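S.K.: The structure that follows is given in the form of structure tokens.
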Amino acid sequence: MDQSILSSRAIIGMYYASLETNPGLAWIDGVSNLFGSDQASETYAFLGASPKFREWTGGRQALGIPQNSFAITNKHYEATLEIAVRDARRDKTGQIMARVSEFSMRAQTHWASLLSDLLIAARSTVCYDGQFFFDTDHSEGSSGIQDNDITVDISTFDSARDVVTNPTAIQAQAAIVKAIAQILSFKDDKGEPMNENAMSFLVVVPIGLYIPMLAAINVLTTAAMTQNINPTVAKPGMLIDVQMNPRLTWTDSFAVFRTDSPIKAFIRQSEKEVELKAKAEGSEFEFDNDAWQFGIDTWRNVGYGYWQRAVLVTMI
């Protein structure tokens with residue numbers, strides 16, 4: 001073999017080096033839990049309230065695991081990159097390296113792609129309680145009717161502009177704080193608050209809303225919240241971040257997630273991590289096609305966790 005050719009081993013090395021320098025999208029850890037899997041599907045029976053404290057009278061009263069559960073079936077995903085041997089031989093400008101780096105990014109952003117699809121479908125897909133994930137009438141036990149699909153009339157907060165696709169900073173602030181207040185109000189099936197200790201939130205927005213929402217976050221201080229919007233929501237040390245998701249097709253809506261809870265809004269389930277395989281030098285494929293193939297594949301899936309950790313806001 002021509003010693004000047006870019007080897008498959010070098011290409012594989014490029015792939016792993018790119019993985020190390022590109023850790024993926026950090027926001028996915030804030031909105032989802034990662035669980036391992038060793039079978040075709042997993043059932044999550046923890047989706048329900050833990051026992052609350054009661055006065056000790058007449059001994060302990062143990063409560064079992066809630067009846068609500070949700071099953072997630074693993075799926076097989078793959079991506080394959082083909083490189084002609086002549087291109088590997090002629091590559092002197094790093095074009096193959098660029099393609100391999102992009103290939104590794106596909107592996108890193110796959111979770112984001114799956115979670116984005118989950119988010120987009122959340123208004124019409126059921127979660128563990130049998131309701132759509134984003135719905136106006138969730139109810140469990142003593143929780144009462146609860147709504148995590150809310151609308152906010154932004155014109156009531158700033159009459160300078162009434163454009164839901166481009167709100168003012170004050171309007172955006174109001175919509176964000178309304179969502180946080182809604183999350184803080186959620187109760188479990190025992191009637192106990194589920195998010196009263198929440199201190200960290202993530203605002204996920206489509207491209208069109210990123211600039212106004214970012215402007216709102218940059219000036220959304222505790223003092224501003226207390227003075228102008230909703231004093232019951234303000235907490236010293238509360239953290240609010242904004243993340244643009246270019247996969248979202250919304251124009252007047254965004255989602256807010258609580259990110260500091262043990263059980264989050266979404267579940268990532270991994271049976272087999274991404275694995276790289278190659279048909280390269282000396283292979284029958286190279287002999288027949290004068291090319292190499294590099295394939296990545298994984299077994300995984302995503303599903304809905306606690307709807308109580310998220311609110312969808314539609315501005316009107």
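Within each chain, counting starts at residue 1; across the structure tokens, chains are named A, B, ... in the order shown, with ligands numbered 1 upward in that order.
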Need to verify the contact set: A:Ala112, 9 Å, only C-alpha atoms, exclusion of same-chain residues closer than 3 positions in sequence. Can you return it as a ChimeraX atom specification?

M.R.: /A:24-25,27-28,108-109,115-117,245

S.K.: Might you pull out every residue within 8 Å of A:Thr251, with only C-alpha atoms counted and same-chain residues fewer than 2 positions away left off, and present them as a PyMOL selection string?

M.R.: chain A and resi 164-165+206+208-209+249+253

S.K.: Show me, as a ChimeraX atom specification, the residues that have an atom within 12 Å of A:Ile176 when counting only C-alpha atoms, minus same-chain residues fewer than 3 positions from it.

M.R.: /A:150-152,154,167,169-173,179-183,201-205,212-217,220,225,229-230,233,240-242,253-257,310-315

S.K.: Atoms to include: C-alpha atoms. Write the selected residues as an mmCIF file, in the first residue's frame.

M.R.:
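Output (selection14.cif):
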```
data_model
loop_
_atom_site.group_PDB
_atom_site.id
_atom_site.type_symbol
_atom_site.label_atom_id
_atom_site.label_comp_id
_atom_site.auth_asym_id
_atom_site.auth_seq_id
_atom_site.Cartn_x
_atom_site.Cartn_y
_atom_site.Cartn_z
ATOM 1 C CA ILE A 150 -49.762 27.475 29.825
ATOM 2 C CA THR A 151 -50.460 30.634 27.830
ATOM 3 C CA VAL A 152 -49.202 34.085 28.807
ATOM 4 C CA ILE A 154 -47.526 39.334 27.099
ATOM 5 C CA PRO A 167 -41.270 40.069 22.692
ATOM 6 C CA ALA A 169 -37.296 42.055 27.485
ATOM 7 C CA ILE A 170 -40.018 42.800 30.043
ATOM 8 C CA GLN A 171 -42.516 40.593 28.225
ATOM 9 C CA ALA A 172 -39.986 37.781 27.964
ATOM 10 C CA GLN A 173 -39.139 38.139 31.653
ATOM 11 C CA ALA A 179 -43.378 29.371 33.885
ATOM 12 C CA ILE A 180 -41.106 29.157 36.933
ATOM 13 C CA ALA A 181 -44.023 30.040 39.216
ATOM 14 C CA GLN A 182 -46.040 27.273 37.571
ATOM 15 C CA ILE A 183 -43.282 24.725 38.164
ATOM 16 C CA PHE A 201 -33.941 26.447 35.586
ATOM 17 C CA LEU A 202 -33.258 26.168 31.865
ATOM 18 C CA VAL A 203 -35.206 28.064 29.201
ATOM 19 C CA VAL A 204 -35.151 26.187 25.870
ATOM 20 C CA VAL A 205 -36.128 28.352 22.909
ATOM 21 C CA PRO A 212 -35.206 38.411 23.268
ATOM 22 C CA MET A 213 -35.032 35.568 25.790
ATOM 23 C CA LEU A 214 -31.288 36.000 26.224
ATOM 24 C CA ALA A 215 -31.810 39.718 26.785
ATOM 25 C CA ALA A 216 -34.469 38.910 29.364
ATOM 26 C CA ILE A 217 -32.205 36.483 31.225
ATOM 27 C CA LEU A 220 -33.557 39.104 35.117
ATOM 28 C CA MET A 225 -38.312 39.932 39.659
ATOM 29 C CA ILE A 229 -43.140 40.748 38.157
ATOM 30 C CA ASN A 230 -43.844 38.250 40.913
ATOM 31 C CA VAL A 233 -41.068 33.516 42.788
ATOM 32 C CA ILE A 240 -31.793 30.779 35.122
ATOM 33 C CA ASP A 241 -30.085 29.902 31.843
ATOM 34 C CA VAL A 242 -31.246 30.012 28.227
ATOM 35 C CA SER A 253 -43.563 29.065 22.374
ATOM 36 C CA PHE A 254 -40.687 27.968 24.585
ATOM 37 C CA ALA A 255 -40.112 25.465 27.389
ATOM 38 C CA VAL A 256 -38.757 25.939 30.891
ATOM 39 C CA PHE A 257 -37.188 23.025 32.813
ATOM 40 C CA ALA A 310 -41.224 21.280 32.762
ATOM 41 C CA VAL A 311 -43.666 23.870 31.461
ATOM 42 C CA LEU A 312 -44.476 24.818 27.887
ATOM 43 C CA VAL A 313 -45.286 28.504 27.468
ATOM 44 C CA THR A 314 -47.240 29.894 24.523
ATOM 45 C CA MET A 315 -47.255 33.674 24.289
#
```

S.K.: Taking the chain letters and numbering used in this document, name the residues of stretch 131-213 of chain A that DSSP puts in strand (DSSP E), as a list in words.

M.R.: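 These are the residues in question: Asp149, Ile150, Thr151, Val152, Ser200, Phe201, Leu202, Val203, Val204 and Val205 of chain A.
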
S.K.: Go ahead and write the residues just picked, C-alpha atoms, as a tab-separated table (two decimals), in the first residue's frame.

M.R.:
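Saved file again.tsv follows:
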```tsv
chain	number	residue	atom	x	y	z
A	149	ASP	CA	-49.10	23.83	29.08
A	150	ILE	CA	-49.76	27.47	29.82
A	151	THR	CA	-50.46	30.63	27.83
A	152	VAL	CA	-49.20	34.09	28.81
A	200	SER	CA	-31.96	26.09	38.81
A	201	PHE	CA	-33.94	26.45	35.59
A	202	LEU	CA	-33.26	26.17	31.87
A	203	VAL	CA	-35.21	28.06	29.20
A	204	VAL	CA	-35.15	26.19	25.87
A	205	VAL	CA	-36.13	28.35	22.91
```

S.K.: From the list A:Ile316, A:Ile263, A:Ala45, A:Met194, which residue is nearest A:Phe157 when using only C-alpha atoms?

M.R.: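 Of A:Ile316, A:Ile263, A:Ala45, A:Met194, the one nearest A:Phe157, counting only C-alpha atoms, is A:Ile316.
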
S.K.: Of the candidates A:Ser7, A:Ser142, A:Thr298, A:Thr136, which one gets nearest to A:Ile83 if we count only C-alpha atoms?

M.R.: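 The closest residue to A:Ile83 is A:Ser7.
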
S.K.: Quick one: pull the distance between atom CA of A:Ala71 and atom CA of A:Ser41, Å, one decimal.

M.R.: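 Pair atom CA of A:Ala71 / atom CA of A:Ser41 returns 6.6 Å.
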
S.K.: Considering only C-alpha atoms, can you say which of A:Val31, A:Ala198, A:Ala174, A:Met14 comes closest to A:Lys264?

M.R.: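 Smallest distance to A:Lys264 is found for A:Val31.
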